[in-house]
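Reproduced below: upload.cif, with mmCIF, C-alpha atoms.
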data_start
loop_
_atom_site.group_PDB
_atom_site.id
_atom_site.type_symbol
_atom_site.label_atom_id
_atom_site.label_comp_id
_atom_site.auth_asym_id
_atom_site.auth_seq_id
_atom_site.Cartn_x
_atom_site.Cartn_y
_atom_site.Cartn_z
ATOM 1 C CA MET A 1 32.049 251.696 84.464
ATOM 2 C CA ILE A 2 30.223 254.722 83.160
ATOM 3 C CA TRP A 3 31.231 255.069 79.527
ATOM 4 C CA LYS A 4 30.925 258.801 79.076
ATOM 5 C CA THR A 5 33.329 260.635 76.777
ATOM 6 C CA ARG A 6 32.969 263.499 74.337
ATOM 7 C CA VAL A 7 32.559 260.854 71.616
ATOM 8 C CA THR A 8 29.613 259.163 73.350
ATOM 9 C CA ASP A 9 28.050 262.582 73.963
ATOM 10 C CA LEU A 10 28.655 263.731 70.377
ATOM 11 C CA LEU A 11 27.247 260.605 68.750
ATOM 12 C CA GLN A 12 24.644 259.855 71.424
ATOM 13 C CA ILE A 13 25.910 256.273 71.867
ATOM 14 C CA LYS A 14 26.357 254.163 74.995
ATOM 15 C CA TYR A 15 29.894 252.934 74.385
ATOM 16 C CA PRO A 16 32.713 254.758 72.552
ATOM 17 C CA ILE A 17 33.079 252.056 69.892
ATOM 18 C CA ILE A 18 32.685 252.787 66.159
ATOM 19 C CA GLN A 19 32.483 250.193 63.392
ATOM 20 C CA GLY A 20 34.715 250.967 60.427
ATOM 21 C CA GLY A 21 33.443 251.642 56.911
ATOM 22 C CA LEU A 22 34.477 248.193 55.568
ATOM 23 C CA ALA A 23 34.132 248.452 51.791
ATOM 24 C CA HIS A 24 31.623 245.950 50.332
ATOM 25 C CA LEU A 25 30.857 244.566 53.826
ATOM 26 C CA ALA A 26 29.369 247.318 56.008
ATOM 27 C CA TYR A 27 25.669 246.994 55.299
ATOM 28 C CA SER A 28 22.463 247.103 57.304
ATOM 29 C CA GLU A 29 22.845 243.810 59.186
ATOM 30 C CA LEU A 30 26.216 244.709 60.689
ATOM 31 C CA ALA A 31 25.455 248.403 61.175
ATOM 32 C CA ALA A 32 22.236 247.681 63.074
ATOM 33 C CA ALA A 33 23.916 245.045 65.244
ATOM 34 C CA VAL A 34 26.702 247.415 66.283
ATOM 35 C CA SER A 35 24.278 250.241 67.020
ATOM 36 C CA ASN A 36 21.990 247.907 68.986
ATOM 37 C CA ALA A 37 24.985 246.782 71.048
ATOM 38 C CA GLY A 38 25.603 250.390 72.054
ATOM 39 C CA GLY A 39 28.239 251.483 69.540
ATOM 40 C CA LEU A 40 27.989 253.314 66.234
ATOM 41 C CA GLY A 41 27.310 251.043 63.279
ATOM 42 C CA GLN A 42 27.946 252.237 59.741
ATOM 43 C CA ILE A 43 26.859 251.593 56.165
ATOM 44 C CA THR A 44 29.457 251.911 53.396
ATOM 45 C CA ALA A 45 27.922 254.194 50.780
ATOM 46 C CA MET A 46 30.277 254.003 47.835
ATOM 47 C CA SER A 47 30.231 250.195 47.645
ATOM 48 C CA LEU A 48 26.554 250.320 46.710
ATOM 49 C CA ASP A 49 25.309 250.384 43.130
ATOM 50 C CA SER A 50 23.148 253.487 43.367
ATOM 51 C CA PRO A 51 21.809 256.191 45.677
ATOM 52 C CA ASP A 52 18.524 254.274 45.832
ATOM 53 C CA ALA A 53 20.378 251.208 47.109
ATOM 54 C CA LEU A 54 21.847 253.378 49.862
ATOM 55 C CA ARG A 55 18.370 254.636 50.754
ATOM 56 C CA GLN A 56 17.165 251.048 51.079
ATOM 57 C CA GLU A 57 20.076 250.136 53.359
ATOM 58 C CA ILE A 58 19.480 253.192 55.539
ATOM 59 C CA ARG A 59 15.811 252.300 55.918
ATOM 60 C CA LYS A 60 16.691 248.704 56.795
ATOM 61 C CA VAL A 61 18.920 249.981 59.600
ATOM 62 C CA LYS A 62 16.138 252.248 60.853
ATOM 63 C CA GLN A 63 13.790 249.262 60.940
ATOM 64 C CA SER A 64 16.297 247.264 62.983
ATOM 65 C CA THR A 65 17.505 249.840 65.503
ATOM 66 C CA LYS A 66 16.375 253.063 67.107
ATOM 67 C CA ASN A 67 19.947 253.988 67.960
ATOM 68 C CA PRO A 68 22.230 256.350 66.025
ATOM 69 C CA PHE A 69 24.217 255.025 63.076
ATOM 70 C CA GLY A 70 26.443 256.461 60.379
ATOM 71 C CA VAL A 71 27.161 256.347 56.665
ATOM 72 C CA ASN A 72 30.773 256.149 55.513
ATOM 73 C CA PHE A 73 31.975 257.811 52.315
ATOM 74 C CA ALA A 74 35.220 256.499 50.844
ATOM 75 C CA ILE A 75 36.288 259.289 48.510
ATOM 76 C CA GLY A 76 39.607 258.008 47.199
ATOM 77 C CA GLN A 77 41.516 259.117 44.129
ATOM 78 C CA HIS A 78 39.711 256.724 41.792
ATOM 79 C CA GLY A 79 36.357 256.909 43.561
ATOM 80 C CA ARG A 80 32.950 257.530 42.035
ATOM 81 C CA PRO A 81 30.949 260.768 42.313
ATOM 82 C CA PHE A 82 29.329 260.832 45.732
ATOM 83 C CA SER A 83 27.072 263.899 45.722
ATOM 84 C CA ASP A 84 23.848 262.006 44.943
ATOM 85 C CA PHE A 85 24.663 259.397 47.595
ATOM 86 C CA LEU A 86 25.274 262.140 50.149
ATOM 87 C CA ASN A 87 21.961 263.769 49.246
ATOM 88 C CA VAL A 88 20.242 260.509 50.206
ATOM 89 C CA ALA A 89 21.990 260.503 53.593
ATOM 90 C CA ILE A 90 20.860 264.107 54.122
ATOM 91 C CA GLU A 91 17.270 263.391 53.042
ATOM 92 C CA GLU A 92 17.127 260.360 55.329
ATOM 93 C CA GLU A 93 18.522 262.460 58.204
ATOM 94 C CA VAL A 94 21.403 260.123 58.910
ATOM 95 C CA PRO A 95 22.895 261.354 62.213
ATOM 96 C CA VAL A 96 26.580 260.735 61.393
ATOM 97 C CA VAL A 97 28.677 260.865 58.221
ATOM 98 C CA THR A 98 32.279 259.671 58.193
ATOM 99 C CA MET A 99 34.834 260.294 55.462
ATOM 100 C CA THR A 100 37.871 258.252 54.454
ATOM 101 C CA GLY A 101 40.458 259.071 51.781
ATOM 102 C CA GLY A 102 40.473 262.055 49.458
ATOM 103 C CA ASN A 103 39.572 265.661 50.158
ATOM 104 C CA PRO A 104 36.553 265.944 52.487
ATOM 105 C CA THR A 105 35.881 269.616 51.649
ATOM 106 C CA PRO A 106 33.033 268.942 49.157
ATOM 107 C CA ILE A 107 31.253 266.778 51.737
ATOM 108 C CA PHE A 108 31.566 269.494 54.365
ATOM 109 C CA GLU A 109 30.127 272.007 51.889
ATOM 110 C CA GLN A 110 27.183 269.757 51.042
ATOM 111 C CA LEU A 111 26.437 269.090 54.722
ATOM 112 C CA LYS A 112 26.217 272.798 55.601
ATOM 113 C CA GLY A 113 22.958 273.636 57.324
ATOM 114 C CA THR A 114 22.357 270.050 58.526
ATOM 115 C CA ASN A 115 22.687 268.595 62.013
ATOM 116 C CA THR A 116 24.788 265.695 60.736
ATOM 117 C CA LYS A 117 27.919 264.988 62.765
ATOM 118 C CA LYS A 118 31.069 264.870 60.636
ATOM 119 C CA LEU A 119 33.982 262.514 61.382
ATOM 120 C CA VAL A 120 37.121 262.279 59.251
ATOM 121 C CA LEU A 121 39.570 259.371 59.176
ATOM 122 C CA VAL A 122 43.155 260.658 59.185
ATOM 123 C CA ALA A 123 46.595 259.049 59.225
ATOM 124 C CA ALA A 124 48.758 262.051 60.111
ATOM 125 C CA LYS A 125 48.747 264.964 62.538
ATOM 126 C CA ARG A 126 48.592 267.526 59.725
ATOM 127 C CA GLN A 127 45.491 265.815 58.301
ATOM 128 C CA ALA A 128 43.804 265.974 61.708
ATOM 129 C CA GLU A 129 44.569 269.673 62.025
ATOM 130 C CA LYS A 130 43.143 270.312 58.562
ATOM 131 C CA ALA A 131 39.988 268.308 59.355
ATOM 132 C CA GLU A 132 39.442 270.386 62.503
ATOM 133 C CA GLU A 133 39.970 273.580 60.499
ATOM 134 C CA LEU A 134 37.318 272.447 57.987
ATOM 135 C CA GLY A 135 34.794 271.846 60.745
ATOM 136 C CA ALA A 136 35.056 268.160 61.634
ATOM 137 C CA ASP A 137 33.295 267.226 64.861
ATOM 138 C CA ALA A 138 35.890 264.519 65.581
ATOM 139 C CA VAL A 139 38.780 262.740 63.887
ATOM 140 C CA MET A 140 39.476 259.026 63.679
ATOM 141 C CA VAL A 141 43.217 258.378 63.694
ATOM 142 C CA VAL A 142 44.484 255.184 62.034
ATOM 143 C CA GLY A 143 47.950 253.835 62.733
ATOM 144 C CA GLN A 144 49.964 251.703 60.329
ATOM 145 C CA GLU A 145 48.746 248.490 62.014
ATOM 146 C CA GLY A 146 45.286 249.008 60.551
ATOM 147 C CA GLY A 147 43.643 247.202 57.665
ATOM 148 C CA GLY A 148 42.722 248.835 54.383
ATOM 149 C CA HIS A 149 44.141 252.221 53.416
ATOM 150 C CA LEU A 150 46.744 253.755 55.699
ATOM 151 C CA GLY A 151 49.013 256.758 55.929
ATOM 152 C CA ARG A 152 52.232 257.065 53.946
ATOM 153 C CA ASP A 153 54.471 257.616 56.976
ATOM 154 C CA ASP A 154 54.214 254.187 58.678
ATOM 155 C CA ILE A 155 53.485 255.670 62.096
ATOM 156 C CA GLY A 156 51.971 253.293 64.649
ATOM 157 C CA THR A 157 48.802 253.935 66.622
ATOM 158 C CA PHE A 158 50.650 254.287 69.945
ATOM 159 C CA VAL A 159 52.728 257.183 68.621
ATOM 160 C CA LEU A 160 50.198 258.815 66.313
ATOM 161 C CA VAL A 161 47.179 259.019 68.640
ATOM 162 C CA PRO A 162 48.754 261.101 71.438
ATOM 163 C CA GLN A 163 50.346 263.389 68.842
ATOM 164 C CA VAL A 164 46.924 264.117 67.373
ATOM 165 C CA VAL A 165 45.335 264.461 70.820
ATOM 166 C CA ASP A 166 47.905 267.164 71.611
ATOM 167 C CA ALA A 167 47.391 268.899 68.258
ATOM 168 C CA VAL A 168 43.596 269.294 68.053
ATOM 169 C CA GLY A 169 40.778 270.365 70.329
ATOM 170 C CA ILE A 170 38.074 268.089 68.928
ATOM 171 C CA PRO A 171 37.596 264.498 70.140
ATOM 172 C CA VAL A 172 39.983 261.856 68.818
ATOM 173 C CA VAL A 173 39.024 258.262 68.016
ATOM 174 C CA ALA A 174 41.841 255.693 67.857
ATOM 175 C CA SER A 175 41.979 253.101 65.086
ATOM 176 C CA GLY A 176 44.461 250.475 63.955
ATOM 177 C CA GLY A 177 45.435 247.356 65.899
ATOM 178 C CA ILE A 178 42.426 247.453 68.241
ATOM 179 C CA GLY A 179 40.290 244.356 68.696
ATOM 180 C CA ASP A 180 39.510 243.818 72.381
ATOM 181 C CA GLY A 181 38.986 245.509 75.744
ATOM 182 C CA ARG A 182 42.717 245.951 76.226
ATOM 183 C CA GLY A 183 42.906 247.988 73.040
ATOM 184 C CA LEU A 184 39.945 250.089 74.148
ATOM 185 C CA MET A 185 41.547 250.941 77.480
ATOM 186 C CA ALA A 186 44.928 251.573 75.866
ATOM 187 C CA ALA A 187 43.311 254.038 73.454
ATOM 188 C CA LEU A 188 41.676 255.900 76.324
ATOM 189 C CA ALA A 189 44.998 255.986 78.172
ATOM 190 C CA LEU A 190 46.576 257.610 75.110
ATOM 191 C CA GLY A 191 44.017 260.413 75.275
ATOM 192 C CA ALA A 192 41.553 259.148 72.672
ATOM 193 C CA GLU A 193 37.881 259.276 73.609
ATOM 194 C CA GLY A 194 36.753 256.295 71.554
ATOM 195 C CA ILE A 195 37.900 253.590 69.179
ATOM 196 C CA GLU A 196 37.135 252.477 65.654
ATOM 197 C CA MET A 197 37.469 248.794 64.730
ATOM 198 C CA GLY A 198 37.300 247.315 61.246
ATOM 199 C CA THR A 199 38.908 243.889 60.968
ATOM 200 C CA ARG A 200 37.478 242.675 64.276
ATOM 201 C CA PHE A 201 33.933 243.344 63.031
ATOM 202 C CA ILE A 202 34.509 241.315 59.849
ATOM 203 C CA ALA A 203 34.893 238.222 62.029
ATOM 204 C CA THR A 204 31.411 238.494 63.541
ATOM 205 C CA LYS A 205 28.197 236.624 62.817
ATOM 206 C CA GLU A 206 26.407 239.740 61.582
ATOM 207 C CA CYS A 207 29.008 240.510 58.920
ATOM 208 C CA VAL A 208 26.909 238.295 56.686
ATOM 209 C CA HIS A 209 28.455 239.317 53.375
ATOM 210 C CA ALA A 210 31.961 238.125 54.307
ATOM 211 C CA HIS A 211 32.698 234.613 53.019
ATOM 212 C CA GLU A 212 33.521 231.959 55.616
ATOM 213 C CA ILE A 213 36.917 231.423 53.965
ATOM 214 C CA TYR A 214 37.714 235.107 54.561
ATOM 215 C CA LYS A 215 36.604 234.938 58.188
ATOM 216 C CA GLN A 216 38.549 231.732 58.769
ATOM 217 C CA ALA A 217 41.651 233.267 57.194
ATOM 218 C CA ILE A 218 41.405 236.140 59.673
ATOM 219 C CA ILE A 219 41.135 233.674 62.555
ATOM 220 C CA ASP A 220 44.048 231.552 61.303
ATOM 221 C CA ALA A 221 46.355 234.493 60.527
ATOM 222 C CA SER A 222 49.119 235.737 62.774
ATOM 223 C CA GLU A 223 50.086 239.369 63.094
ATOM 224 C CA SER A 224 52.754 238.782 60.419
ATOM 225 C CA ASP A 225 50.301 237.451 57.835
ATOM 226 C CA THR A 226 49.340 240.791 56.316
ATOM 227 C CA THR A 227 50.903 242.710 53.440
ATOM 228 C CA VAL A 228 50.960 246.390 52.515
ATOM 229 C CA ILE A 229 50.108 246.817 48.841
ATOM 230 C CA LYS A 230 49.798 249.936 46.638
ATOM 231 C CA ARG A 231 52.858 251.663 48.096
ATOM 232 C CA SER A 232 54.080 252.379 44.571
ATOM 233 C CA LEU A 233 50.876 254.349 43.971
ATOM 234 C CA GLY A 234 51.306 256.443 47.106
ATOM 235 C CA ALA A 235 48.226 254.817 48.633
ATOM 236 C CA PRO A 236 49.481 252.069 50.968
ATOM 237 C CA ALA A 237 46.854 249.610 52.168
ATOM 238 C CA ARG A 238 47.064 246.477 54.337
ATOM 239 C CA ALA A 239 45.547 243.156 53.239
ATOM 240 C CA LEU A 240 45.785 239.501 54.173
ATOM 241 C CA THR A 241 48.811 237.897 52.528
ATOM 242 C CA ASN A 242 47.729 235.460 49.814
ATOM 243 C CA PRO A 243 48.750 234.484 46.259
ATOM 244 C CA TRP A 244 46.952 237.516 44.819
ATOM 245 C CA THR A 245 48.771 240.033 47.019
ATOM 246 C CA ASP A 246 52.042 238.289 46.111
ATOM 247 C CA GLN A 247 51.253 239.014 42.453
ATOM 248 C CA ILE A 248 50.475 242.636 43.268
ATOM 249 C CA LEU A 249 53.799 243.099 45.055
ATOM 250 C CA SER A 250 55.637 241.519 42.131
ATOM 251 C CA LEU A 251 53.944 243.869 39.689
ATOM 252 C CA GLU A 252 54.688 246.869 41.890
ATOM 253 C CA LYS A 253 58.355 245.926 41.910
ATOM 254 C CA ASN A 254 58.759 245.077 38.247
ATOM 255 C CA TYR A 255 55.992 246.953 36.387
ATOM 256 C CA PRO A 256 54.834 249.838 38.592
ATOM 257 C CA GLY A 257 51.973 252.076 37.573
ATOM 258 C CA TYR A 258 48.234 252.283 38.027
ATOM 259 C CA ASP A 259 47.392 250.973 34.563
ATOM 260 C CA THR A 260 49.297 247.752 35.271
ATOM 261 C CA LEU A 261 47.803 247.319 38.738
ATOM 262 C CA ARG A 262 44.237 248.456 38.071
ATOM 263 C CA ASP A 263 42.607 245.042 37.642
ATOM 264 C CA TYR A 264 44.591 243.519 40.496
ATOM 265 C CA ILE A 265 43.620 246.151 43.076
ATOM 266 C CA SER A 266 40.061 246.734 41.864
ATOM 267 C CA GLY A 267 36.880 246.407 43.852
ATOM 268 C CA GLU A 268 36.022 243.410 41.699
ATOM 269 C CA ALA A 269 39.202 241.607 42.755
ATOM 270 C CA ASN A 270 38.412 242.491 46.357
ATOM 271 C CA LYS A 271 34.894 241.050 46.058
ATOM 272 C CA LYS A 272 36.085 237.799 44.448
ATOM 273 C CA TYR A 273 37.874 236.988 47.681
ATOM 274 C CA ILE A 274 35.660 238.501 50.383
ATOM 275 C CA TYR A 275 32.383 237.297 48.785
ATOM 276 C CA GLU A 276 33.492 234.059 47.131
ATOM 277 C CA GLY A 277 36.667 233.050 48.958
ATOM 278 C CA ARG A 278 38.725 232.886 45.745
ATOM 279 C CA GLY A 279 42.225 233.585 47.074
ATOM 280 C CA GLU A 280 43.841 232.928 43.689
ATOM 281 C CA GLU A 281 41.738 235.678 42.111
ATOM 282 C CA GLY A 282 41.371 238.375 44.735
ATOM 283 C CA PHE A 283 42.324 239.848 48.115
ATOM 284 C CA GLY A 284 40.801 240.888 51.428
ATOM 285 C CA TRP A 285 41.666 243.853 53.620
ATOM 286 C CA ALA A 286 42.835 243.106 57.167
ATOM 287 C CA GLY A 287 44.950 244.705 59.863
ATOM 288 C CA GLN A 288 47.655 243.248 62.077
ATOM 289 C CA VAL A 289 45.006 242.759 64.749
ATOM 290 C CA VAL A 290 44.264 239.429 63.019
ATOM 291 C CA GLY A 291 46.851 238.052 65.438
ATOM 292 C CA LEU A 292 44.386 238.678 68.285
ATOM 293 C CA ILE A 293 41.234 237.348 66.585
ATOM 294 C CA LYS A 294 40.435 233.723 67.382
ATOM 295 C CA ASP A 295 36.691 233.327 66.866
ATOM 296 C CA VAL A 296 33.514 234.645 65.212
ATOM 297 C CA PRO A 297 31.178 235.891 67.960
ATOM 298 C CA SER A 298 27.994 237.863 67.565
ATOM 299 C CA VAL A 299 28.478 241.620 67.789
ATOM 300 C CA ASP A 300 26.717 241.676 71.152
ATOM 301 C CA GLU A 301 28.981 238.916 72.483
ATOM 302 C CA LEU A 302 32.012 240.837 71.285
ATOM 303 C CA PHE A 303 30.872 244.019 73.039
ATOM 304 C CA GLN A 304 30.155 242.211 76.312
ATOM 305 C CA ARG A 305 33.557 240.511 76.234
ATOM 306 C CA MET A 306 35.327 243.805 75.576
ATOM 307 C CA LEU A 307 33.473 245.560 78.359
ATOM 308 C CA VAL A 308 34.261 242.797 80.877
ATOM 309 C CA ASP A 309 37.939 243.009 79.924
ATOM 310 C CA ALA A 310 37.856 246.780 80.256
ATOM 311 C CA GLU A 311 36.185 246.592 83.690
ATOM 312 C CA THR A 312 38.858 244.139 84.825
ATOM 313 C CA ILE A 313 41.615 246.470 83.690
ATOM 314 C CA ARG A 314 39.971 249.418 85.417
ATOM 315 C CA GLY A 315 39.823 247.346 88.602
ATOM 316 C CA GLU A 316 43.514 246.527 88.355
ATOM 317 C CA TRP A 317 44.341 250.179 87.799
ATOM 318 C CA ALA A 318 42.319 251.145 90.857
ATOM 319 C CA LYS A 319 44.577 248.979 93.017
#
Mind converting the file's structure to C-alpha cells?
Amino acid sequence: MIWKTRVTDLLQIKYPIIQGGLAHLAYSELAAAVSNAGGLGQITAMSLDSPDALRQEIRKVKQSTKNPFGVNFAIGQHGRPFSDFLNVAIEEEVPVVTMTGGNPTPIFEQLKGTNTKKLVLVAAKRQAEKAEELGADAVMVVGQEGGGHLGRDDIGTFVLVPQVVDAVGIPVVASGGIGDGRGLMAALALGAEGIEMGTRFIATKECVHAHEIYKQAIIDASESDTTVIKRSLGAPARALTNPWTDQILSLEKNYPGYDTLRDYISGEANKKYIYEGRGEEGFGWAGQVVGLIKDVPSVDELFQRMLVDAETIRGEWAK
C-alpha cells in the first residue's frame, strides 16, 4: 500500500500514525523510535522540569532520528505557564506542535511567523470547528474510549470522527480505541486521514520510563478494566482501575471538589504508579484499547504488524 494522505503530506511522514503526548512518558527514546518507524513521535513538554530540559530532549531526538517529530503541550486548567517551553520549541525549529486541553489561542499567537505545523486534540465537533477557525493545520479527534483526558459528552470514536470530518476542511486524525491495523483501516474508512495512539505506545520496549508493573497491568487488563475519574470537576479522564482510582471515585461521590481531590489526581500520584508501580499510592492513564493489547513489542515491530494487518484488510476489501 502507498500510505499517502493529507496527514502524511502535512507532517512529511511515511505512515499516518502519531504517538500521543503521554504525560511523564513521552520522551526522546519513544519519540525517536516512532519517528524512525515512519510515524510522528512526540515529546511531552509540560511534564519536564524546565525549558532547558525540553531543549535537551529535543536535541536527543535530533541525534537519534532525521525524521520529523513533534512536541506536545498539555495546557489544562491547572497547568503551568508554557510560553518559555514553547520558545524552546520555536528556537529548536521543531516541525510540529500539538496541543491538548485548555485554550490553544496563546500558542497559535506565539507560533505566528513560524513554519511549525499546529495540531489540536479535540473531543467535540464544535472544538474542531474552533480549532480550524484559529488556524490549526489538522485536528486530532478523541472518542470516549481513549485514555487520559476526554470530552464531557461521552461520544465514541466511531460517531465523533465522521461528524468532525463532515464539519471541517482540514485533515482529521482519529484517536481513542485504536491499537492495531484494524483500527487504522477503520479510521480511514470513517474519513480520517491518520490515527493517534497513546496507550498502545506505553506497552512498547522504547517507552522506557513506564514501570513494568504498569505495562503488565495494561497487558492483563480487559476493556472493562478502566475507570473515568474527574467527572465531578468537568474534566473526565480514563485510567486503569486500581485501589487509587477507587478512592478517587469515592471522594468524588462523597466529598466533591478540587481541593479534596488535588493530591489524589496530581502528577505526583500519577508518577508513583507509572514510574514505581505503586498501585496503592497512584494511578496510570489508559484507554479501553487495553483489551486488545497482549504484549510489549518494539515500536518497529508494532508498526510492521499494523501494516501487515492493514495490507491484509485492503486485500480483502479488493475482493
Considering all atoms listed in the file, tabulate each residue of region 86-172 of chain A that lies at most 12 Å from region 218-230 of chain A along with its nearest interatomic pair and the corresponding distance in Å to one decimal; arrange the rows by chain and ascending residue number and present them as JSON lines.
{"residue": "A:Gln144", "atom": "CA", "partner": "A:Val228", "partner_atom": "CA", "distance": 9.5}
{"residue": "A:Glu145", "atom": "CA", "partner": "A:Glu223", "partner_atom": "CA", "distance": 9.3}
{"residue": "A:Gly146", "atom": "CA", "partner": "A:Thr226", "partner_atom": "CA", "distance": 10.1}
{"residue": "A:Gly147", "atom": "CA", "partner": "A:Thr226", "partner_atom": "CA", "distance": 8.7}
{"residue": "A:Gly148", "atom": "CA", "partner": "A:Val228", "partner_atom": "CA", "distance": 8.8}
{"residue": "A:His149", "atom": "CA", "partner": "A:Val228", "partner_atom": "CA", "distance": 9.0}
{"residue": "A:Leu150", "atom": "CA", "partner": "A:Val228", "partner_atom": "CA", "distance": 9.1}
{"residue": "A:Gly151", "atom": "CA", "partner": "A:Val228", "partner_atom": "CA", "distance": 11.1}
{"residue": "A:Arg152", "atom": "CA", "partner": "A:Lys230", "partner_atom": "CA", "distance": 10.5}
{"residue": "A:Asp154", "atom": "CA", "partner": "A:Val228", "partner_atom": "CA", "distance": 10.5}
Can you list what the PyMOL selection byres ((chain A and resi 205) around 10) grabs from this structure, as a list of chain:residue names? A:Glu29, A:Leu30, A:Ala33, A:Phe201, A:Ile202, A:Ala203, A:Thr204, A:Glu206, A:Cys207, A:Val208, A:His209, A:Ala210, A:Lys215, A:Asp295, A:Val296, A:Pro297, A:Ser298, A:Val299, A:Asp300, A:Glu301
Show me as a VMD selection string the residues that reach within 8 Å of (38.5, 231.8, 52.4), counting all atoms listed in the file and using the file's own coordinates. chain A and resid 211 to 217 273 to 274 276 to 279
Residues matched by the PyMOL selection byres ((chain A and resi 125-142) around 7), written as number ranges by chain: A: 117-124, 143-144, 146, 150, 157, 161, 163-164, 167-168, 170-176
Which residues, written as a ChimeraX atom specification, have at least one atom at most 8 Å from region 38-48 of chain A, with only C-alpha atoms counted and residues fewer than 3 positions away on the same chain left out? /A:11,13-28,30-35,51,53-54,57-58,67-74,79-80,82,85
Minimum-distance residue to Gly267 (chain A), chosen among A:Gly282, A:Asn36, A:Leu233, A:Gly179 (using all atoms listed in the file):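 Smallest separation from Gly267 (chain A) among the options: A:Gly282.
Closest approach to Asn87 (chain A) among A:Lys66, A:Arg55, A:Arg305, A:Lys4: A:Arg55, based on all atoms listed in the file.
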Using only C-alpha atoms, find the one residue out of A:Ser232, A:Gln56, A:Thr116, A:Ser50 that sits nearest to Tyr258 (chain A).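 Using only C-alpha atoms, Tyr258 (chain A) sits closest to A:Ser232.
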Please return the centre and edge lengths, in Å to one decimal, of a box with edges along x, y and z that contains all listed atoms of region 51-56 of chain A, widened by 4 Å on every side, as AutoDock Vina command-line options.
--center_x 19.5 --center_y 253.6 --center_z 48.4 --size_x 12.7 --size_y 13.1 --size_z 13.4
Residue nearest Thr105 (chain A) among A:Asp263, A:Ile75, A:Ser64, A:Ile155 (counting all atoms listed in the file):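 Among A:Asp263, A:Ile75, A:Ser64, A:Ile155, it is A:Ile75 that comes nearest to Thr105 (chain A).
Of the listed residues A:Gly194, A:Gly257, A:Pro162, A:Gly177, the one whose atoms come nearest to Arg238 (chain A) is A:Gly177, with distances taken using all atoms listed in the file.
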Between A:Asp153, A:Asp309, A:Asp84, A:Glu92, which one has atoms that come closest to Val61 (chain A), using all atoms listed in the file?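 The answer is A:Glu92, which sits nearest to Val61 (chain A).
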